[in-house]
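Chemist: Let me give you the structure first, and then I'll get to my questions.
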Amino acid sequence: MSDLVVGTRYGLVEGTREGNVCVWRGIPYAAPPVGSLRFRAPQEPIPWKGVRPARHFGPAAMQRERETMKFLNDCPSYKSEDCLYLNIWSPGADGRKRPVMVWIHGGSFTYGSGSSPMYDGASFAEKGDLVVVTFNYRLGVFGFLDLSAFGGDAWAESGNCGMLDQVAALRWVRDNIEAFGGDPGNVTIFGESAGSVSVSTLLAMPDARGLFRQAIMQSGTARHTRTKEVAAQVTEQLLSALGVEPHEVSRLQSMSADELLKGTEVFQTRVFGPVRDGRIVPEDPEAAIRDGSAKEIPVMIGSNLDEWRWFTHFDPWWQEMKDDRLEEAFALSFGALWPGLSEGVLKERSLDTDLYHDMMTFEVFTYPSIALSEWQVRHGAPVWMYRFDCPSPTLDGRPRAYHALEIPYVWNTIGKEGMERITGDAPDRFELADRMHRAWIAFARSGDPNIPGLPEWPPYDLSRRATMIFNRRSEVAEDPDGAWREIWARASRRLEQKSQRN
């Protein structure tokens with residue numbers, strides 16, 4: 001039998017050899033979630049006879065187009081409800097047991113796919129002697145519409161179908177990856193943005209326990225999951241837009257996928273994501289992690305210096321922002337925290353757009369990452385913290401070191417067609433990509449990202465708070481955001497005390 005023909009629990013698949021790497025694309029890891037399986041937990045794949053070709057990516061999840069995703073080369077044209085497929089890059093199906101990296105893509109739980117050119121796993125497989133897996137999961141209304149408040153227990157899992165898809169993919173890896181040259185006992189999950197929120201949520205989900213050994217979170221934590229109350233409000237708004245009465249939620253199963261997708265146009269902001277439903281996600285994931293749900297998991301976590309500039313760059317409302325409305329923007333964005341934050345931050349900074357971007361980056365990405373790191377450290381788990389500071393000259397240089405910019409560096413795909421639009425064309429970007437790529441490989445292999453070519457990278461602790469700053473000249477900084485960390489902590493404590501008194 002050819003080393004490209006591999007047996008899974010469900011049938012044989014045949015991949016392709018691309019240089020020194022074997023690739024299998026479009027392998028089903030669950031049954032098509034269509035018809036009666038829409039809004040239901042994923043079911044096992046349907047077995048097949050003969051050899052199934054695995055040469056092409058499967059369809060991406062249903063989604064609308066979005067300008068930001070087009071810019072990032074992750075706007076798939078081939079989309080379908082039948083989207084639960086995964087892809088594997090491996091040095092060979094040769095009986096060896098290599099570390100496995102499983103990537104969870106971002107896109108606000110509404111966009112994206114596991115087949116973006118940025119996520120080509122060939123370099124990980126060849127340079128790191130690793131097995132890499134990417135996959136699609138249900139997005140938006142198909143993956144995270146919580147119908148339980150209207151349809152009862154029959155729809156109990158609907159709000160977290162996308163998360164259950166991720167668990168199903170990890171179970172498939174556990175049960176099948178050894179045949180592709182991987183070690184099911186050494187799996188690292190990693191993801192960016194919504195993918196990072198997913199990783200953080202999986203750290204707290206009972207269904208995911210034992211399916212991975214290490215975790216990498218790039219720009220996101222489980223702070224961004226939704227309560228059942230908020231999820232119910234989203235569902236009610238969508239039902240109204242579709243002309244469906246709350247007691248008629250079963251009608252949603254007979255609507256076309258395009259009808260459901262069009263109904264989501266009623267939402268002007270990102271509204272979908274994991275639901276703290278008391279079952280699949282039994283409690284606030286942050287509280288679970290704080291209480292030790294991931295105390296045995298080595299973690300690498302970080303964010304980018306200018307995350308929020310990415311979001312305002314493509315936001316028409318922000319482009320029309322007038323200086324006299326800035327204070328309103330701060331108050332709306334930070335809510336009850338604003339009085340406490342402004343008291344500390346405005347001692348050193350002026351109320352301007354630069355401050356807004358820096359504060360939103362810290363509030364949404366940096367501070368939650370610090371909090372998660374602190375909880376893990378208190379439980380004795382190894383933690384490595386990083387920050388990506390290398391700016392891109394693209395888009396006139398305005399977004400700087402923006403959200404998602406680190407991805408092609410991590411994957412070492414900056415040389416692929418179209419990536420110059422994202423990273424710019426400075427020759428030294430290849431050196432930074434090589435260092436970051438090798439650090440991620442090292443972490444996947446041993447749980448420690450230290451490599452030759454980078455300064456010594458100490459584990460994060462509560463005294464030094466060592467943080468690797470990735471830039472053209474990378475360095476370790478101690479507590480680089482200490483002043484703001486303390487301001488946020490004081491403001492949060494004050495708000496909590498006020499809430500308790502009331």
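How things are named: the first chain in the structure tokens is A, the next is B, and so on; residues count from 1 in each chain; ligands count from 1 in the order shown.
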What are the DSSP strand (DSSP E or B) residues of region 197-255 of chain A, as a ChimeraX atom specification?
Modeler: /A:214-218,226-227
Chemist: Using the selection just defined, write its residues with N, CA, C and O atoms as a CSV table (one decimal), in the first residue's frame.
Modeler:
```csv
chain,number,residue,atom,x,y,z
A,214,GLN,N,-1.0,20.6,25.5
A,214,GLN,CA,-0.5,22.0,25.6
A,214,GLN,C,-1.5,22.9,24.8
A,214,GLN,O,-2.2,22.4,24.0
A,215,ALA,N,-1.4,24.2,25.1
A,215,ALA,CA,-2.3,25.2,24.4
A,215,ALA,C,-1.5,26.5,24.2
A,215,ALA,O,-0.7,26.9,25.0
A,216,ILE,N,-1.8,27.0,23.0
A,216,ILE,CA,-1.3,28.3,22.6
A,216,ILE,C,-2.4,29.2,22.2
A,216,ILE,O,-3.3,28.9,21.4
A,217,MET,N,-2.5,30.4,22.9
A,217,MET,CA,-3.5,31.4,22.6
A,217,MET,C,-3.0,32.7,22.1
A,217,MET,O,-2.2,33.3,22.7
A,218,GLN,N,-3.4,33.0,20.9
A,218,GLN,CA,-2.9,34.2,20.2
A,218,GLN,C,-4.1,35.2,20.1
A,218,GLN,O,-5.0,35.0,19.3
A,226,ARG,N,-20.5,34.1,25.8
A,226,ARG,CA,-21.8,34.8,26.0
A,226,ARG,C,-22.6,34.1,27.1
A,226,ARG,O,-22.5,32.9,27.3
A,227,THR,N,-23.4,34.9,27.8
A,227,THR,CA,-24.3,34.3,28.8
A,227,THR,C,-25.5,33.8,28.0
A,227,THR,O,-25.8,34.2,26.9
```
Chemist: How close does each residue of region 46-117 of chain A get to region 11-34 of chain A, giving the shortest atom pair and distance in Å to one decimal for every residue with an atom at most 7 Å away, counting only C-alpha atoms, sorted by chain and residue number, as JSON lines?
Modeler:
```
{"residue": "A:Ile46", "atom": "CA", "partner": "A:Ala31", "partner_atom": "CA", "distance": 5.9}
{"residue": "A:Pro47", "atom": "CA", "partner": "A:Gly11", "partner_atom": "CA", "distance": 6.0}
{"residue": "A:Trp48", "atom": "CA", "partner": "A:Gly11", "partner_atom": "CA", "distance": 5.5}
{"residue": "A:Lys49", "atom": "CA", "partner": "A:Gly11", "partner_atom": "CA", "distance": 6.3}
{"residue": "A:Gly50", "atom": "CA", "partner": "A:Leu12", "partner_atom": "CA", "distance": 6.6}
{"residue": "A:Val51", "atom": "CA", "partner": "A:Leu12", "partner_atom": "CA", "distance": 4.8}
{"residue": "A:Arg52", "atom": "CA", "partner": "A:Val13", "partner_atom": "CA", "distance": 4.6}
{"residue": "A:Pro53", "atom": "CA", "partner": "A:Glu14", "partner_atom": "CA", "distance": 5.0}
{"residue": "A:Ala54", "atom": "CA", "partner": "A:Arg25", "partner_atom": "CA", "distance": 4.8}
{"residue": "A:Arg55", "atom": "CA", "partner": "A:Arg25", "partner_atom": "CA", "distance": 5.3}
{"residue": "A:His56", "atom": "CA", "partner": "A:Arg25", "partner_atom": "CA", "distance": 5.2}
{"residue": "A:Phe57", "atom": "CA", "partner": "A:Gly26", "partner_atom": "CA", "distance": 4.5}
{"residue": "A:Gly58", "atom": "CA", "partner": "A:Gly26", "partner_atom": "CA", "distance": 4.3}
{"residue": "A:Glu81", "atom": "CA", "partner": "A:Val34", "partner_atom": "CA", "distance": 6.4}
{"residue": "A:Asp82", "atom": "CA", "partner": "A:Pro32", "partner_atom": "CA", "distance": 4.7}
{"residue": "A:Cys83", "atom": "CA", "partner": "A:Pro32", "partner_atom": "CA", "distance": 6.9}
{"residue": "A:Leu84", "atom": "CA", "partner": "A:Ala30", "partner_atom": "CA", "distance": 5.9}
{"residue": "A:Tyr85", "atom": "CA", "partner": "A:Pro28", "partner_atom": "CA", "distance": 4.4}
{"residue": "A:Leu86", "atom": "CA", "partner": "A:Ile27", "partner_atom": "CA", "distance": 5.2}
{"residue": "A:Asn87", "atom": "CA", "partner": "A:Arg25", "partner_atom": "CA", "distance": 4.3}
{"residue": "A:Ile88", "atom": "CA", "partner": "A:Trp24", "partner_atom": "CA", "distance": 5.1}
{"residue": "A:Trp89", "atom": "CA", "partner": "A:Val23", "partner_atom": "CA", "distance": 4.6}
{"residue": "A:Ser90", "atom": "CA", "partner": "A:Cys22", "partner_atom": "CA", "distance": 5.3}
{"residue": "A:Pro91", "atom": "CA", "partner": "A:Val21", "partner_atom": "CA", "distance": 4.8}
{"residue": "A:Gly92", "atom": "CA", "partner": "A:Cys22", "partner_atom": "CA", "distance": 5.8}
```
Chemist: Which residues are near Asp448 (chain A)? Cut-off 10 Å, only C-alpha atoms, ignore same chain within fewer than 4 positions. Put them as a list in words.
Modeler: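 Everything that qualifies: Pro298, Val299, Met300, Pro382, Val383, Trp384, Ala439, Trp440, Ile441, Ala442, Phe443, Ala444, Trp457, Pro458 and Pro459 of chain A.
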Chemist: Write out, as a compact mmCIF listing (two decimals), in the first residue's frame, the residues just selected, with all heavy atoms.
Modeler:
```txt
# COMPACT_ATOMS: atom_id res chain seq x y z
N PRO A 298 0.52 23.20 30.10
CA PRO A 298 1.44 24.28 29.75
C PRO A 298 0.80 25.20 28.71
O PRO A 298 0.14 24.74 27.77
CB PRO A 298 2.66 23.57 29.16
CG PRO A 298 2.56 22.17 29.67
CD PRO A 298 1.10 21.88 29.78
N VAL A 299 1.00 26.51 28.90
CA VAL A 299 0.31 27.50 28.08
C VAL A 299 1.31 28.52 27.55
O VAL A 299 2.20 28.96 28.26
CB VAL A 299 -0.77 28.22 28.91
CG1 VAL A 299 -1.18 29.53 28.28
CG2 VAL A 299 -2.00 27.32 29.09
N MET A 300 1.15 28.88 26.28
CA MET A 300 1.80 30.06 25.73
C MET A 300 0.69 31.01 25.28
O MET A 300 -0.27 30.58 24.62
CB MET A 300 2.71 29.70 24.55
CG MET A 300 3.49 30.88 24.01
SD MET A 300 4.97 30.40 23.06
CE MET A 300 4.22 29.66 21.62
N PRO A 382 3.11 25.75 33.83
CA PRO A 382 4.07 26.58 33.10
C PRO A 382 3.36 27.53 32.13
O PRO A 382 2.44 27.11 31.41
CB PRO A 382 4.92 25.57 32.33
CG PRO A 382 4.60 24.23 32.93
CD PRO A 382 3.23 24.33 33.50
N VAL A 383 3.78 28.78 32.11
CA VAL A 383 3.18 29.79 31.24
C VAL A 383 4.29 30.58 30.57
O VAL A 383 5.25 30.98 31.23
CB VAL A 383 2.27 30.76 32.03
CG1 VAL A 383 1.73 31.85 31.11
CG2 VAL A 383 1.12 30.02 32.69
N TRP A 384 4.15 30.82 29.27
CA TRP A 384 5.05 31.71 28.56
C TRP A 384 4.22 32.81 27.92
O TRP A 384 3.26 32.54 27.19
CB TRP A 384 5.85 30.96 27.49
CG TRP A 384 7.04 30.27 28.05
CD1 TRP A 384 8.33 30.75 28.12
CD2 TRP A 384 7.10 28.97 28.65
NE1 TRP A 384 9.16 29.84 28.72
CE2 TRP A 384 8.43 28.72 29.05
CE3 TRP A 384 6.15 27.97 28.88
CZ2 TRP A 384 8.82 27.55 29.67
CZ3 TRP A 384 6.54 26.80 29.49
CH2 TRP A 384 7.86 26.60 29.88
N ALA A 439 10.06 28.85 17.60
CA ALA A 439 9.61 28.90 19.00
C ALA A 439 8.30 28.13 19.17
O ALA A 439 8.13 27.39 20.15
CB ALA A 439 9.45 30.35 19.45
N TRP A 440 7.38 28.28 18.21
CA TRP A 440 6.12 27.53 18.29
C TRP A 440 6.39 26.03 18.15
O TRP A 440 5.77 25.22 18.83
CB TRP A 440 5.17 28.03 17.20
CG TRP A 440 4.14 29.04 17.64
CD1 TRP A 440 2.79 28.88 17.66
CD2 TRP A 440 4.38 30.38 18.13
NE1 TRP A 440 2.16 30.03 18.10
CE2 TRP A 440 3.12 30.96 18.41
CE3 TRP A 440 5.52 31.14 18.36
CZ2 TRP A 440 2.99 32.25 18.91
CZ3 TRP A 440 5.39 32.44 18.86
CH2 TRP A 440 4.15 32.98 19.13
N ILE A 441 7.31 25.68 17.26
CA ILE A 441 7.69 24.27 17.10
C ILE A 441 8.26 23.72 18.41
O ILE A 441 7.89 22.61 18.85
CB ILE A 441 8.71 24.12 15.96
CG1 ILE A 441 8.04 24.33 14.61
CG2 ILE A 441 9.39 22.74 15.99
CD1 ILE A 441 9.01 24.46 13.45
N ALA A 442 9.15 24.48 19.03
CA ALA A 442 9.77 24.03 20.27
C ALA A 442 8.73 23.81 21.36
O ALA A 442 8.79 22.82 22.11
CB ALA A 442 10.82 25.04 20.74
N PHE A 443 7.78 24.73 21.44
CA PHE A 443 6.73 24.57 22.46
C PHE A 443 5.90 23.32 22.20
O PHE A 443 5.57 22.56 23.13
CB PHE A 443 5.84 25.81 22.48
CG PHE A 443 4.79 25.76 23.56
CD1 PHE A 443 5.09 26.12 24.87
CD2 PHE A 443 3.49 25.34 23.27
CE1 PHE A 443 4.12 26.06 25.86
CE2 PHE A 443 2.52 25.28 24.25
CZ PHE A 443 2.83 25.64 25.56
N ALA A 444 5.57 23.07 20.94
CA ALA A 444 4.79 21.88 20.60
C ALA A 444 5.56 20.61 20.90
O ALA A 444 4.97 19.59 21.30
CB ALA A 444 4.38 21.92 19.13
N TRP A 457 14.11 32.96 27.38
CA TRP A 457 12.70 33.30 27.60
C TRP A 457 12.24 32.59 28.88
O TRP A 457 11.86 31.43 28.85
CB TRP A 457 11.89 32.86 26.40
CG TRP A 457 10.45 33.24 26.38
CD1 TRP A 457 9.72 33.83 27.36
CD2 TRP A 457 9.54 33.05 25.28
NE1 TRP A 457 8.43 34.03 26.96
CE2 TRP A 457 8.29 33.55 25.69
CE3 TRP A 457 9.68 32.50 24.01
CZ2 TRP A 457 7.18 33.52 24.85
CZ3 TRP A 457 8.57 32.46 23.18
CH2 TRP A 457 7.33 32.96 23.59
N PRO A 458 12.23 33.30 30.02
CA PRO A 458 11.83 32.64 31.27
C PRO A 458 10.32 32.42 31.31
O PRO A 458 9.55 33.18 30.71
CB PRO A 458 12.25 33.65 32.36
CG PRO A 458 13.09 34.67 31.66
CD PRO A 458 12.66 34.68 30.24
N PRO A 459 9.87 31.39 32.03
CA PRO A 459 8.44 31.23 32.25
C PRO A 459 7.88 32.46 32.96
O PRO A 459 8.59 33.13 33.72
CB PRO A 459 8.33 29.99 33.14
CG PRO A 459 9.62 29.26 32.94
CD PRO A 459 10.64 30.32 32.67
```
Chemist: Excluding same-chain residues fewer than 2 positions from Glu420 (chain A), what lies within 12 Å of it counting only C-alpha atoms, as an mmCIF file with all heavy atoms, in the first residue's frame?
Modeler:
```cif
data_model
loop_
_atom_site.group_PDB
_atom_site.id
_atom_site.type_symbol
_atom_site.label_atom_id
_atom_site.label_comp_id
_atom_site.auth_asym_id
_atom_site.auth_seq_id
_atom_site.Cartn_x
_atom_site.Cartn_y
_atom_site.Cartn_z
ATOM 1 N N PHE A 71 -8.917 40.781 2.952
ATOM 2 C CA PHE A 71 -7.558 41.310 3.070
ATOM 3 C C PHE A 71 -6.605 40.245 3.601
ATOM 4 O O PHE A 71 -5.446 40.168 3.193
ATOM 5 C CB PHE A 71 -7.557 42.529 3.991
ATOM 6 C CG PHE A 71 -6.215 43.196 4.112
ATOM 7 C CD1 PHE A 71 -5.817 44.139 3.188
ATOM 8 C CD2 PHE A 71 -5.345 42.864 5.137
ATOM 9 C CE1 PHE A 71 -4.570 44.744 3.270
ATOM 10 C CE2 PHE A 71 -4.091 43.457 5.235
ATOM 11 C CZ PHE A 71 -3.704 44.404 4.294
ATOM 12 N N LEU A 72 -7.092 39.396 4.528
ATOM 13 C CA LEU A 72 -6.259 38.367 5.135
ATOM 14 C C LEU A 72 -6.226 37.054 4.336
ATOM 15 O O LEU A 72 -5.743 36.037 4.828
ATOM 16 C CB LEU A 72 -6.760 38.075 6.561
ATOM 17 C CG LEU A 72 -6.594 39.222 7.565
ATOM 18 C CD1 LEU A 72 -7.318 38.892 8.871
ATOM 19 C CD2 LEU A 72 -5.129 39.519 7.838
ATOM 20 N N ASN A 73 -6.729 37.089 3.106
ATOM 21 C CA ASN A 73 -6.720 35.896 2.249
ATOM 22 C C ASN A 73 -7.494 34.728 2.865
ATOM 23 O O ASN A 73 -7.134 33.568 2.678
ATOM 24 C CB ASN A 73 -5.281 35.428 1.954
ATOM 25 C CG ASN A 73 -4.583 36.322 0.958
ATOM 26 O OD1 ASN A 73 -5.234 37.065 0.230
ATOM 27 N ND2 ASN A 73 -3.262 36.258 0.916
ATOM 28 N N MET A 118 -2.583 31.154 4.622
ATOM 29 C CA MET A 118 -1.764 31.444 5.798
ATOM 30 C C MET A 118 -1.529 30.209 6.643
ATOM 31 O O MET A 118 -0.541 30.108 7.359
ATOM 32 C CB MET A 118 -2.420 32.528 6.677
ATOM 33 C CG MET A 118 -2.274 33.927 6.155
ATOM 34 S SD MET A 118 -2.635 35.162 7.438
ATOM 35 C CE MET A 118 -4.363 34.852 7.765
ATOM 36 N N SER A 392 3.518 46.542 10.430
ATOM 37 C CA SER A 392 3.467 46.339 8.989
ATOM 38 C C SER A 392 3.342 47.698 8.312
ATOM 39 O O SER A 392 2.595 48.561 8.770
ATOM 40 C CB SER A 392 2.270 45.472 8.609
ATOM 41 O OG SER A 392 2.106 45.444 7.203
ATOM 42 N N PRO A 393 4.050 47.897 7.188
ATOM 43 C CA PRO A 393 3.917 49.170 6.464
ATOM 44 C C PRO A 393 2.682 49.221 5.576
ATOM 45 O O PRO A 393 2.415 50.248 4.943
ATOM 46 C CB PRO A 393 5.200 49.202 5.621
ATOM 47 C CG PRO A 393 5.496 47.769 5.335
ATOM 48 C CD PRO A 393 5.062 47.018 6.580
ATOM 49 N N THR A 394 1.931 48.130 5.500
ATOM 50 C CA THR A 394 0.778 48.093 4.606
ATOM 51 C C THR A 394 -0.326 49.000 5.121
ATOM 52 O O THR A 394 -0.331 49.429 6.277
ATOM 53 C CB THR A 394 0.250 46.656 4.466
ATOM 54 O OG1 THR A 394 -0.129 46.171 5.759
ATOM 55 C CG2 THR A 394 1.315 45.743 3.888
ATOM 56 N N LEU A 395 -1.288 49.300 4.248
ATOM 57 C CA LEU A 395 -2.397 50.196 4.584
ATOM 58 C C LEU A 395 -1.861 51.528 5.116
ATOM 59 O O LEU A 395 -2.349 52.065 6.103
ATOM 60 C CB LEU A 395 -3.342 49.527 5.597
ATOM 61 C CG LEU A 395 -3.978 48.209 5.136
ATOM 62 C CD1 LEU A 395 -4.698 47.527 6.285
ATOM 63 C CD2 LEU A 395 -4.938 48.467 3.980
ATOM 64 N N LEU A 405 -1.761 39.990 12.453
ATOM 65 C CA LEU A 405 -0.535 40.166 11.688
ATOM 66 C C LEU A 405 0.507 39.090 11.997
ATOM 67 O O LEU A 405 1.320 38.738 11.143
ATOM 68 C CB LEU A 405 0.055 41.561 11.963
ATOM 69 C CG LEU A 405 1.380 41.903 11.281
ATOM 70 C CD1 LEU A 405 1.269 41.795 9.763
ATOM 71 C CD2 LEU A 405 1.838 43.303 11.694
ATOM 72 N N PRO A 408 1.035 34.861 9.742
ATOM 73 C CA PRO A 408 1.976 34.335 8.745
ATOM 74 C C PRO A 408 3.404 34.209 9.264
ATOM 75 O O PRO A 408 4.190 33.428 8.706
ATOM 76 C CB PRO A 408 1.880 35.349 7.596
ATOM 77 C CG PRO A 408 1.299 36.582 8.197
ATOM 78 C CD PRO A 408 0.419 36.126 9.311
ATOM 79 N N TYR A 409 3.749 34.944 10.338
ATOM 80 C CA TYR A 409 5.062 34.758 10.962
ATOM 81 C C TYR A 409 5.097 33.431 11.710
ATOM 82 O O TYR A 409 6.045 32.655 11.592
ATOM 83 C CB TYR A 409 5.360 35.916 11.928
ATOM 84 C CG TYR A 409 5.659 37.227 11.248
ATOM 85 C CD1 TYR A 409 4.640 38.095 10.879
ATOM 86 C CD2 TYR A 409 6.965 37.600 10.971
ATOM 87 C CE1 TYR A 409 4.913 39.294 10.243
ATOM 88 C CE2 TYR A 409 7.252 38.805 10.344
ATOM 89 C CZ TYR A 409 6.225 39.650 9.986
ATOM 90 O OH TYR A 409 6.501 40.836 9.364
ATOM 91 N N THR A 413 4.601 31.425 6.596
ATOM 92 C CA THR A 413 3.989 31.461 5.269
ATOM 93 C C THR A 413 4.086 32.851 4.649
ATOM 94 O O THR A 413 3.358 33.150 3.700
ATOM 95 C CB THR A 413 2.508 31.022 5.346
ATOM 96 O OG1 THR A 413 1.829 31.788 6.366
ATOM 97 C CG2 THR A 413 2.379 29.549 5.677
ATOM 98 N N ILE A 414 4.967 33.705 5.160
ATOM 99 C CA ILE A 414 5.033 35.077 4.649
ATOM 100 C C ILE A 414 5.541 35.143 3.215
ATOM 101 O O ILE A 414 5.366 36.166 2.550
ATOM 102 C CB ILE A 414 5.900 35.981 5.555
ATOM 103 C CG1 ILE A 414 7.318 35.419 5.700
ATOM 104 C CG2 ILE A 414 5.269 36.168 6.913
ATOM 105 C CD1 ILE A 414 8.238 36.352 6.424
ATOM 106 N N GLY A 415 6.167 34.069 2.746
ATOM 107 C CA GLY A 415 6.638 34.064 1.368
ATOM 108 C C GLY A 415 5.583 33.652 0.363
ATOM 109 O O GLY A 415 5.825 33.679 -0.849
ATOM 110 N N LYS A 416 4.398 33.282 0.822
ATOM 111 C CA LYS A 416 3.353 32.824 -0.095
ATOM 112 C C LYS A 416 2.741 34.009 -0.848
ATOM 113 O O LYS A 416 2.764 35.151 -0.373
ATOM 114 C CB LYS A 416 2.265 32.080 0.684
ATOM 115 C CG LYS A 416 2.708 30.694 1.107
ATOM 116 C CD LYS A 416 1.530 29.849 1.531
ATOM 117 C CE LYS A 416 1.928 28.383 1.622
ATOM 118 N NZ LYS A 416 2.188 27.792 0.289
ATOM 119 N N GLU A 417 2.155 33.705 -1.971
ATOM 120 C CA GLU A 417 1.556 34.736 -2.809
ATOM 121 C C GLU A 417 0.500 35.523 -2.024
ATOM 122 O O GLU A 417 -0.357 34.937 -1.358
ATOM 123 C CB GLU A 417 0.923 34.097 -4.050
ATOM 124 C CG GLU A 417 0.336 35.101 -5.028
ATOM 125 C CD GLU A 417 -0.264 34.426 -6.256
ATOM 126 O OE1 GLU A 417 -0.114 33.186 -6.386
ATOM 127 O OE2 GLU A 417 -0.884 35.142 -7.064
ATOM 128 N N GLY A 418 0.563 36.831 -2.105
ATOM 129 C CA GLY A 418 -0.418 37.684 -1.455
ATOM 130 C C GLY A 418 -0.071 38.104 -0.043
ATOM 131 O O GLY A 418 -0.712 38.985 0.517
ATOM 132 N N ILE A 422 -0.076 41.795 3.457
ATOM 133 C CA ILE A 422 -0.337 41.735 4.896
ATOM 134 C C ILE A 422 0.880 42.186 5.692
ATOM 135 O O ILE A 422 0.766 42.991 6.626
ATOM 136 C CB ILE A 422 -0.731 40.295 5.291
ATOM 137 C CG1 ILE A 422 -2.023 39.889 4.574
ATOM 138 C CG2 ILE A 422 -0.879 40.173 6.806
ATOM 139 C CD1 ILE A 422 -2.357 38.419 4.718
ATOM 140 N N THR A 423 2.066 41.695 5.324
ATOM 141 C CA THR A 423 3.263 41.908 6.142
ATOM 142 C C THR A 423 4.187 42.994 5.619
ATOM 143 O O THR A 423 5.093 43.434 6.330
ATOM 144 C CB THR A 423 4.088 40.612 6.217
ATOM 145 O OG1 THR A 423 4.579 40.287 4.901
ATOM 146 C CG2 THR A 423 3.250 39.459 6.745
ATOM 147 N N GLY A 424 3.992 43.439 4.363
ATOM 148 C CA GLY A 424 4.989 44.272 3.728
ATOM 149 C C GLY A 424 6.072 43.396 3.113
ATOM 150 O O GLY A 424 5.994 42.161 3.160
ATOM 151 N N ASP A 425 7.096 44.025 2.541
ATOM 152 C CA ASP A 425 8.105 43.252 1.820
ATOM 153 C C ASP A 425 9.520 43.433 2.349
ATOM 154 O O ASP A 425 10.493 43.144 1.653
ATOM 155 C CB ASP A 425 8.072 43.603 0.327
ATOM 156 C CG ASP A 425 8.343 45.091 0.072
ATOM 157 O OD1 ASP A 425 8.578 45.832 1.046
ATOM 158 O OD2 ASP A 425 8.309 45.501 -1.104
ATOM 159 N N ALA A 426 9.684 43.893 3.594
ATOM 160 C CA ALA A 426 11.021 44.069 4.157
ATOM 161 C C ALA A 426 11.729 42.715 4.236
ATOM 162 O O ALA A 426 11.168 41.740 4.748
ATOM 163 C CB ALA A 426 10.938 44.693 5.546
ATOM 164 N N PRO A 427 12.963 42.618 3.742
ATOM 165 C CA PRO A 427 13.657 41.320 3.726
ATOM 166 C C PRO A 427 13.828 40.703 5.114
ATOM 167 O O PRO A 427 13.790 39.473 5.248
ATOM 168 C CB PRO A 427 15.017 41.662 3.110
ATOM 169 C CG PRO A 427 14.779 42.908 2.323
ATOM 170 C CD PRO A 427 13.738 43.673 3.086
ATOM 171 N N ARG A 429 11.869 40.438 7.459
ATOM 172 C CA ARG A 429 10.683 39.790 8.030
ATOM 173 C C ARG A 429 10.843 38.276 8.027
ATOM 174 O O ARG A 429 10.248 37.584 8.861
ATOM 175 C CB ARG A 429 9.423 40.217 7.282
ATOM 176 C CG ARG A 429 9.219 39.600 5.907
ATOM 177 C CD ARG A 429 8.118 40.339 5.130
ATOM 178 N NE ARG A 429 7.665 39.629 3.961
ATOM 179 C CZ ARG A 429 8.320 39.596 2.808
ATOM 180 N NH1 ARG A 429 9.491 40.218 2.688
ATOM 181 N NH2 ARG A 429 7.810 38.933 1.768
ATOM 182 N N PHE A 430 11.643 37.747 7.109
ATOM 183 C CA PHE A 430 11.864 36.301 7.056
ATOM 184 C C PHE A 430 12.621 35.813 8.294
ATOM 185 O O PHE A 430 12.375 34.709 8.783
ATOM 186 C CB PHE A 430 12.617 35.922 5.785
ATOM 187 C CG PHE A 430 11.802 36.062 4.534
ATOM 188 C CD1 PHE A 430 11.914 37.192 3.749
ATOM 189 C CD2 PHE A 430 10.907 35.069 4.162
ATOM 190 C CE1 PHE A 430 11.161 37.325 2.591
ATOM 191 C CE2 PHE A 430 10.143 35.192 3.012
ATOM 192 C CZ PHE A 430 10.270 36.331 2.214
#
```
Chemist: Would you mind writing down, as a PyMOL selection string, each residue of region 160-345 of chain A that DSSP on the backbone assigns to alpha helix (DSSP H)?
Modeler: chain A and resi 161-176+194-202+228-242+257-263+285-290+307-313+316-319+326-334+338-345
Chemist: Give me, please, the distance in Å between CA of Val141 (chain A) and CA of Tyr78 (chain A), quoted to one decimal.
Modeler: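 We find that CA of Val141 (chain A) and CA of Tyr78 (chain A) lie 18.1 Å from each other.
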